[in-house]
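Source file: structure-v6.cif (mmCIF, C-alpha atoms)
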data_my_file
#
loop_
_atom_site.label_atom_id
_atom_site.label_comp_id
_atom_site.auth_asym_id
_atom_site.auth_seq_id
_atom_site.Cartn_x
_atom_site.Cartn_y
_atom_site.Cartn_z
CA MET A 1 -54.35 21.08 -13.97
CA VAL A 2 -55.68 21.83 -17.44
CA LEU A 3 -57.46 18.99 -19.25
CA GLU A 4 -56.41 19.45 -22.83
CA ALA A 5 -56.31 17.91 -26.30
CA THR A 6 -53.31 19.17 -28.27
CA VAL A 7 -52.46 18.80 -31.94
CA ILE A 8 -48.82 19.45 -32.85
CA THR A 9 -47.96 20.38 -36.44
CA ILE A 10 -44.34 19.95 -37.48
CA ASP A 11 -42.61 21.59 -40.45
CA ASN A 12 -41.07 18.84 -42.59
CA SER A 13 -40.35 21.11 -45.56
CA GLU A 14 -37.02 21.18 -47.39
CA TYR A 15 -36.03 24.09 -45.15
CA SER A 16 -36.08 21.71 -42.18
CA ARG A 17 -32.83 20.14 -43.46
CA ASN A 18 -30.97 23.30 -42.42
CA GLY A 19 -28.39 22.71 -39.69
CA ASP A 20 -28.52 26.10 -37.95
CA PHE A 21 -30.32 24.39 -35.04
CA PRO A 22 -28.73 21.28 -33.52
CA ARG A 23 -28.74 18.80 -35.25
CA THR A 24 -31.07 19.96 -38.02
CA ARG A 25 -34.27 21.98 -37.85
CA PHE A 26 -36.28 18.80 -38.39
CA GLU A 27 -34.49 16.72 -35.74
CA ALA A 28 -34.74 19.64 -33.32
CA GLN A 29 -38.51 19.51 -33.77
CA ILE A 30 -38.61 15.79 -32.99
CA ASP A 31 -36.91 16.36 -29.63
CA ALA A 32 -39.25 19.29 -28.96
CA VAL A 33 -42.33 17.21 -29.82
CA GLU A 34 -41.32 14.63 -27.22
CA PHE A 35 -40.69 17.35 -24.65
CA ILE A 36 -44.11 18.93 -25.23
CA PHE A 37 -45.81 15.53 -25.19
CA GLN A 38 -44.28 14.67 -21.81
CA ALA A 39 -45.09 18.11 -20.42
CA LYS A 40 -48.74 17.76 -21.42
CA ARG A 41 -48.98 14.26 -19.98
CA ASN A 42 -47.23 15.25 -16.75
CA SER A 43 -49.56 18.21 -16.38
CA ASN A 44 -52.60 15.94 -16.60
CA PRO A 45 -52.53 12.17 -17.29
CA GLU A 46 -55.81 12.48 -19.20
CA ASN A 47 -54.33 14.91 -21.72
CA THR A 48 -53.96 13.59 -25.26
CA VAL A 49 -51.77 14.64 -28.19
CA GLY A 50 -52.05 14.29 -31.96
CA LEU A 51 -49.48 14.97 -34.68
CA ILE A 52 -49.71 16.49 -38.17
CA LEU A 53 -47.16 17.09 -40.93
CA SER A 54 -47.54 20.55 -42.45
CA ALA A 55 -45.39 20.19 -45.60
CA GLY A 56 -45.16 17.94 -48.63
CA PHE A 57 -47.83 17.56 -51.30
CA ASN A 58 -50.53 17.98 -48.67
CA PRO A 59 -50.48 18.16 -44.86
CA ARG A 60 -51.49 14.86 -43.28
CA VAL A 61 -52.27 13.37 -39.90
CA LEU A 62 -49.45 11.21 -38.54
CA SER A 63 -51.18 10.28 -35.29
CA THR A 64 -54.66 10.86 -33.96
CA PHE A 65 -55.08 11.64 -30.27
CA THR A 66 -53.09 9.33 -28.05
CA SER A 67 -51.60 9.13 -24.58
CA GLU A 68 -48.78 6.85 -25.77
CA PHE A 69 -45.63 8.47 -27.13
CA GLY A 70 -44.77 5.28 -29.01
CA LYS A 71 -47.59 6.03 -31.45
CA ILE A 72 -46.28 9.56 -31.98
CA LEU A 73 -42.76 8.22 -32.48
CA SER A 74 -43.99 5.63 -34.96
CA GLY A 75 -45.55 8.40 -37.03
CA LEU A 76 -42.34 10.43 -36.94
CA HIS A 77 -40.34 7.46 -38.23
CA ASP A 78 -42.54 7.43 -41.35
CA THR A 79 -41.89 11.11 -42.03
CA HIS A 80 -40.15 12.38 -45.16
CA ILE A 81 -38.63 15.83 -45.59
CA GLU A 82 -40.20 17.29 -48.70
CA GLY A 83 -41.85 20.27 -50.34
CA SER A 84 -43.06 23.50 -48.79
CA ILE A 85 -45.12 24.29 -45.72
CA HIS A 86 -48.91 24.65 -46.09
CA LEU A 87 -49.52 26.45 -42.83
CA GLY A 88 -53.18 27.36 -43.22
CA THR A 89 -54.19 23.91 -44.43
CA ALA A 90 -52.28 22.20 -41.61
CA ILE A 91 -53.97 24.37 -38.99
CA GLN A 92 -57.39 23.70 -40.52
CA ILE A 93 -56.75 19.95 -40.39
CA ALA A 94 -55.63 20.32 -36.77
CA ALA A 95 -58.83 22.22 -35.93
CA LEU A 96 -60.93 19.53 -37.60
CA THR A 97 -59.06 16.86 -35.65
CA LEU A 98 -59.81 18.72 -32.41
CA LYS A 99 -63.48 18.92 -33.33
CA HIS A 100 -63.62 15.11 -33.41
CA ARG A 101 -61.80 14.55 -30.10
CA GLN A 102 -63.54 11.94 -27.97
CA ASN A 103 -63.50 13.90 -24.72
CA LYS A 104 -65.37 17.14 -25.43
CA VAL A 105 -64.46 18.45 -21.96
CA GLN A 106 -60.83 18.81 -23.03
CA HIS A 107 -59.64 22.30 -23.90
CA GLN A 108 -58.42 22.64 -27.48
CA ARG A 109 -54.87 23.66 -28.43
CA ILE A 110 -52.69 23.60 -31.55
CA VAL A 111 -48.89 23.85 -31.28
CA VAL A 112 -47.40 24.95 -34.61
CA PHE A 113 -43.74 24.63 -35.57
CA VAL A 114 -42.66 26.94 -38.41
CA CYS A 115 -39.10 26.86 -39.76
CA SER A 116 -39.67 27.78 -43.42
CA PRO A 117 -41.04 30.88 -45.19
CA ILE A 118 -44.82 31.17 -44.89
CA GLN A 119 -46.40 31.45 -48.34
CA ASP A 120 -50.07 31.63 -47.28
CA ASP A 121 -52.13 34.72 -48.01
CA ARG A 122 -52.09 36.99 -44.97
CA GLN A 123 -55.80 37.81 -45.10
CA GLU A 124 -56.75 34.14 -45.34
CA LEU A 125 -54.60 33.35 -42.32
CA MET A 126 -56.28 36.10 -40.30
CA LYS A 127 -59.70 34.75 -41.26
CA LEU A 128 -58.57 31.39 -40.00
CA ALA A 129 -57.31 32.96 -36.76
CA LYS A 130 -60.73 34.55 -36.17
CA LYS A 131 -62.41 31.20 -36.79
CA LEU A 132 -60.12 29.52 -34.27
CA LYS A 133 -60.88 32.25 -31.73
CA LYS A 134 -64.61 31.76 -32.28
CA ASN A 135 -64.25 28.03 -31.63
CA ASN A 136 -62.11 28.53 -28.49
CA ILE A 137 -59.02 26.91 -29.97
CA ALA A 138 -55.75 28.21 -28.52
CA VAL A 139 -52.65 28.31 -30.73
CA ASP A 140 -48.97 28.29 -29.79
CA ILE A 141 -46.46 29.03 -32.55
CA VAL A 142 -42.77 28.10 -32.35
CA ASN A 143 -41.19 30.46 -34.89
CA PHE A 144 -37.57 29.66 -35.77
CA GLY A 145 -35.24 29.38 -38.74
CA GLU A 146 -36.86 32.00 -41.00
CA ILE A 147 -37.83 34.58 -38.40
CA GLU A 148 -37.09 37.65 -40.54
CA HIS A 149 -39.64 36.46 -43.08
CA ASN A 150 -42.26 35.08 -40.71
CA THR A 151 -42.29 37.04 -37.45
CA ALA A 152 -44.64 39.85 -38.50
CA ILE A 153 -47.32 37.52 -39.83
CA VAL A 154 -47.22 35.08 -36.92
CA GLU A 155 -47.36 37.97 -34.45
CA GLU A 156 -50.51 39.23 -36.14
CA PHE A 157 -51.94 35.71 -36.20
CA ILE A 158 -51.47 35.23 -32.44
CA GLU A 159 -52.87 38.70 -31.70
CA THR A 160 -55.94 37.83 -33.77
CA VAL A 161 -56.55 34.38 -32.29
CA ASN A 162 -56.08 35.50 -28.68
CA ASN A 163 -59.17 36.09 -26.59
CA SER A 164 -59.26 39.61 -25.16
CA GLN A 165 -60.19 38.19 -21.75
CA GLU A 166 -57.67 35.36 -21.76
CA ASP A 167 -54.15 35.41 -23.19
CA SER A 168 -54.13 31.69 -23.92
CA SER A 169 -52.21 31.66 -27.22
CA HIS A 170 -48.47 32.25 -27.36
CA LEU A 171 -45.71 33.05 -29.83
CA LEU A 172 -42.14 31.88 -29.21
CA THR A 173 -39.57 33.33 -31.64
CA ILE A 174 -36.15 31.68 -31.36
CA GLN A 175 -32.80 32.89 -32.67
CA PRO A 176 -30.19 30.31 -33.77
CA GLY A 177 -27.64 29.42 -31.11
CA PRO A 178 -26.09 26.59 -29.12
CA ARG A 179 -29.19 25.87 -27.05
CA LEU A 180 -31.47 23.06 -28.17
CA LEU A 181 -34.90 23.97 -29.47
CA TYR A 182 -36.72 22.17 -26.67
CA GLU A 183 -34.68 24.08 -24.08
CA HIS A 184 -36.15 27.34 -25.36
CA ILE A 185 -39.63 25.83 -25.21
CA ALA A 186 -39.06 24.52 -21.67
CA GLY A 187 -38.69 28.04 -20.30
CA SER A 188 -41.46 29.60 -22.39
CA ARG A 189 -45.10 30.31 -21.66
CA ILE A 190 -46.01 27.45 -24.01
CA ILE A 191 -45.04 25.13 -21.15
CA LEU A 192 -45.03 27.28 -18.02
CA GLU A 193 -48.41 28.89 -18.67
CA GLU A 194 -50.09 25.52 -18.43
CA GLY A 195 -48.68 24.78 -14.99
CA ALA A 196 -46.42 22.12 -16.47
CA GLY A 197 -43.14 23.89 -15.85
CA GLY A 198 -42.27 21.84 -12.79
CA ASN A 199 -43.28 18.56 -14.43
CA SER A 200 -42.03 19.03 -17.96
CA GLY A 201 -39.17 16.53 -17.88
CA PHE A 202 -38.80 13.56 -20.17
CA ASP A 203 -40.16 10.34 -18.72
CA GLY A 204 -38.31 7.20 -19.65
CA ASP A 205 -41.51 5.16 -20.10
CA GLY A 206 -43.38 7.82 -22.05
CA ALA A 207 -46.31 7.73 -19.64
CA GLY A 208 -45.70 10.92 -17.69
CA GLY A 209 -45.74 8.99 -14.47
CA ASN A 210 -43.17 10.29 -12.04
CA GLY A 211 -43.17 14.02 -12.63
CA SER A 212 -40.14 16.19 -13.12
CA MET A 213 -37.31 13.74 -12.54
CA ASP A 214 -35.82 11.82 -15.45
CA PHE A 215 -33.20 9.24 -14.35
CA GLY A 216 -32.75 11.36 -11.20
CA VAL A 217 -32.10 14.56 -13.18
CA ASP A 218 -34.43 17.56 -13.32
CA PRO A 219 -34.45 18.75 -17.00
CA SER A 220 -35.33 22.28 -15.92
CA VAL A 221 -32.02 22.41 -14.01
CA ASP A 222 -29.78 20.52 -16.44
CA PRO A 223 -31.65 19.85 -19.71
CA GLU A 224 -28.55 18.81 -21.64
CA LEU A 225 -27.68 16.11 -19.11
CA ALA A 226 -31.28 14.90 -19.01
CA MET A 227 -31.34 14.63 -22.81
CA ALA A 228 -27.98 12.81 -22.87
CA LEU A 229 -29.21 10.33 -20.27
CA ARG A 230 -32.45 9.75 -22.14
CA LEU A 231 -30.65 9.14 -25.44
CA SER A 232 -28.18 6.85 -23.71
CA MET A 233 -31.02 4.84 -22.21
CA GLU A 234 -32.74 4.58 -25.60
CA GLU A 235 -29.51 3.35 -27.20
CA GLU A 236 -29.11 0.73 -24.47
CA GLN A 237 -32.71 -0.43 -24.95
CA GLN A 238 -32.13 -0.72 -28.69
CA ARG A 239 -28.90 -2.68 -28.08
CA GLN A 240 -30.70 -5.04 -25.72
CA GLU A 241 -33.47 -5.54 -28.27
CA ARG A 242 -30.96 -6.33 -31.03
CA LEU A 243 -29.22 -8.80 -28.72
CA ARG A 244 -32.53 -10.45 -27.84
CA GLN A 245 -33.45 -10.82 -31.51
CA GLN A 246 -30.00 -12.22 -32.32
CA GLN A 247 -30.27 -14.79 -29.52
CA GLN A 248 -33.75 -15.72 -30.68
CA GLN A 249 -32.55 -16.24 -34.25
CA GLU A 250 -29.60 -18.34 -33.05
CA SER A 251 -31.91 -20.44 -30.91
CA GLN A 252 -34.24 -21.02 -33.85
CA GLY A 253 -31.28 -21.96 -36.04
CA GLN A 254 -30.02 -24.49 -33.50
CA GLY A 255 -33.50 -25.97 -33.23
CA GLN A 256 -33.70 -26.41 -36.99
CA GLU A 257 -30.27 -28.08 -37.05
CA GLN A 258 -31.32 -30.54 -34.35
CA GLU A 259 -34.51 -31.37 -36.24
CA GLN A 260 -32.49 -31.94 -39.40
CA GLU A 261 -30.08 -34.27 -37.56
CA GLN A 262 -32.97 -36.30 -36.17
CA GLU A 263 -34.48 -36.64 -39.63
CA ASN A 264 -31.14 -37.79 -41.05
CA ARG A 265 -30.77 -40.43 -38.32
CA SER A 266 -34.24 -41.75 -38.90
#
Please, can you express the file's structure as structure tokens?
Amino acid sequence: MVLEATVITIDNSEYSRNGDFPRTRFEAQIDAVEFIFQAKRNSNPENTVGLILSAGFNPRVLSTFTSEFGKILSGLHDTHIEGSIHLGTAIQIAALTLKHRQNKVQHQRIVVFVCSPIQDDRQELMKLAKKLKKNNIAVDIVNFGEIEHNTAIVEEFIETVNNSQEDSSHLLTIQPGPRLLYEHIAGSRIILEEGAGGNSGFDGDGAGGNGSMDFGVDPSVDPELAMALRLSMEEEQQRQERLRQQQQQESQGQGQEQEQEQENRS
């Protein structure tokens, strides 16, 4: 099992509002981020994942390396859709983040989501790819949404960053359709190459503990059902939390009323 530190960059540009991928390009990425996170954790419990936004005024780190999906999710909740993608800058920030990982034994990987037109200079991107190759940083690119504009340049980028002795970087180009974005990723070399294909299901507790089964369903067999069950469980947990808070507030209110009555009697 590969011991790995992974930085995921998500495209939160204005193009991510497009609804050609269910539900939008941005929301499709959120589901895919969770899927990749669980796959990495199921592959090796010591794997860690960080998260970066690649669009807006400047790319920024949402979460440093963590083994808890709650921290990733918290960062995603603070995300705004805005501006244009700064691909080169986001990848450079990801590489710098990997440089400062605590466990230097971990292999280095960047997973890049691109769903808007790349505006970076081609030559500068290829220089960056060579630098990543020199520093043994693998790169996976999920290319969707604007594939006619982007495919040629991301193909060249992956060819440049790949080590001639080891095909460790991958490009996944996805056409619009009824399948969810994470379903395409589940059957791709981005997941299967790392030996995580059999364990890449969502885990209800976010800890990657029990392998491929999520609520008794193998996502590789029926990903739509697994996703529906996961969302249903999350909704139930949220409902229970709202109910708990409501009961707590009512209990506090009753306590205050009793205190007020005692004061009035005295």
Nearest residue to Asp78 in chain A from the set A:Ser63, A:Asn163, A:Gln92, A:Asn135 (distances using all atoms listed in the file):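 Of the candidates, the smallest distance to Asp78 in chain A is held by A:Ser63.
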Residue contacts of Asn143 in chain A (7 Å, all atoms listed in the file) excluding same-chain residues fewer than 6 positions away, as a list in words: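 Selected residues are Phe113, Val114, Cys115, Leu172, Thr173 and Ile174 of chain A.
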Of the listed residues A:His100, A:Lys134, A:Lys127, A:Arg60, that which approaches Asp11 in chain A most closely, counting only C-alpha atoms: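 Distance minimum relative to Asp11 in chain A lands on A:Arg60.
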Any chance you could tabulate, as a Markdown table, the residues of range 87-204 of chain A at most 9 Å from range 65-74 of chain A with each one's nearest atom pair and distance in Å to one decimal, using only C-alpha atoms, in chain and rising number order?
| residue | atom | partner | partner_atom | distance |
| --- | --- | --- | --- | --- |
| A:Thr97 | CA | A:Phe65 | CA | 8.5 |
| A:Leu98 | CA | A:Phe65 | CA | 8.8 |
| A:Arg101 | CA | A:Phe65 | CA | 7.3 |
| A:Gln102 | CA | A:Phe65 | CA | 8.8 |
Could you list, as a short mmCIF file (atom, residue, chain, number, x, y, z; two decimals) with C-alpha atoms, keeping the file's coordinate frame, every residue matched by the PyMOL selection byres ((chain A and resi 181) around 10) in this structure?
data_model
loop_
_atom_site.label_atom_id
_atom_site.label_comp_id
_atom_site.auth_asym_id
_atom_site.auth_seq_id
_atom_site.Cartn_x
_atom_site.Cartn_y
_atom_site.Cartn_z
CA PHE A 21 -30.32 24.39 -35.04
CA PRO A 22 -28.73 21.28 -33.52
CA ARG A 23 -28.74 18.80 -35.25
CA ARG A 25 -34.27 21.98 -37.85
CA GLU A 27 -34.49 16.72 -35.74
CA ALA A 28 -34.74 19.64 -33.32
CA GLN A 29 -38.51 19.51 -33.77
CA ILE A 30 -38.61 15.79 -32.99
CA ASP A 31 -36.91 16.36 -29.63
CA ALA A 32 -39.25 19.29 -28.96
CA VAL A 142 -42.77 28.10 -32.35
CA PHE A 144 -37.57 29.66 -35.77
CA ILE A 174 -36.15 31.68 -31.36
CA GLN A 175 -32.80 32.89 -32.67
CA PRO A 176 -30.19 30.31 -33.77
CA GLY A 177 -27.64 29.42 -31.11
CA PRO A 178 -26.09 26.59 -29.12
CA ARG A 179 -29.19 25.87 -27.05
CA LEU A 180 -31.47 23.06 -28.17
CA TYR A 182 -36.72 22.17 -26.67
CA GLU A 183 -34.68 24.08 -24.08
CA HIS A 184 -36.15 27.34 -25.36
CA ILE A 185 -39.63 25.83 -25.21
CA ALA A 186 -39.06 24.52 -21.67
#
Where's the centre, and what are the edge lengths in Å to one decimal, of a box along x, y and z enclosing all listed atoms of range 152-160 of chain A padded 4 Å per side, as lines of an AutoDock Vina configuration file?
center_x = -50.3
center_y = 37.5
center_z = -35.8
size_x = 19.3
size_y = 12.8
size_z = 16.1
8 Å contact set for Gly88 in chain A, only C-alpha atoms, chain neighbours under 6 positions out, as a list in words: Asp120, Glu124, Leu125 and Leu128 of chain A
Length of the CA of Thr160 in chain A to CA of Ile91 in chain A vector [Å]: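 Separation of CA of Thr160 in chain A and CA of Ile91 in chain A: 14.6 Å.
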Shortest interatomic distance to Ile118 in chain A - which of A:Ala55, A:Ile81, A:Leu76, A:Leu192, counting only C-alpha atoms: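 Comparing A:Ala55, A:Ile81, A:Leu76, A:Leu192 against Ile118 in chain A, the winner is A:Ala55.
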Atom pair CA of Met1 in chain A / CA of Glu156 in chain A: separation (Å):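 If I compute the distance from CA of Met1 in chain A to CA of Glu156 in chain A, I get 28.9 Å.
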Which residue of A:Ile191, A:Gln260, A:Gly145, A:Ser169 approaches Ser43 in chain A most closely, using only C-alpha atoms: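 Among the listed residues, the smallest separation from Ser43 in chain A belongs to A:Ile191.
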Atom pair CA of Glu259 in chain A / CA of Gln245 in chain A: separation (Å): 21.1 Å
Ser116 in chain A surroundings by only C-alpha atoms, 12 Å radius, close-in-sequence under 5 positions cut, as a PyMOL selection string: chain A and resi 10-18+25-26+54-55+82-87+142-151
Closest of A:Leu62, A:Asn103, A:Glu263, A:Ile153 to His77 in chain A - atom-to-atom distances counting all atoms listed in the file: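 Of A:Leu62, A:Asn103, A:Glu263, A:Ile153, the one nearest His77 in chain A is A:Leu62, counting all atoms listed in the file.
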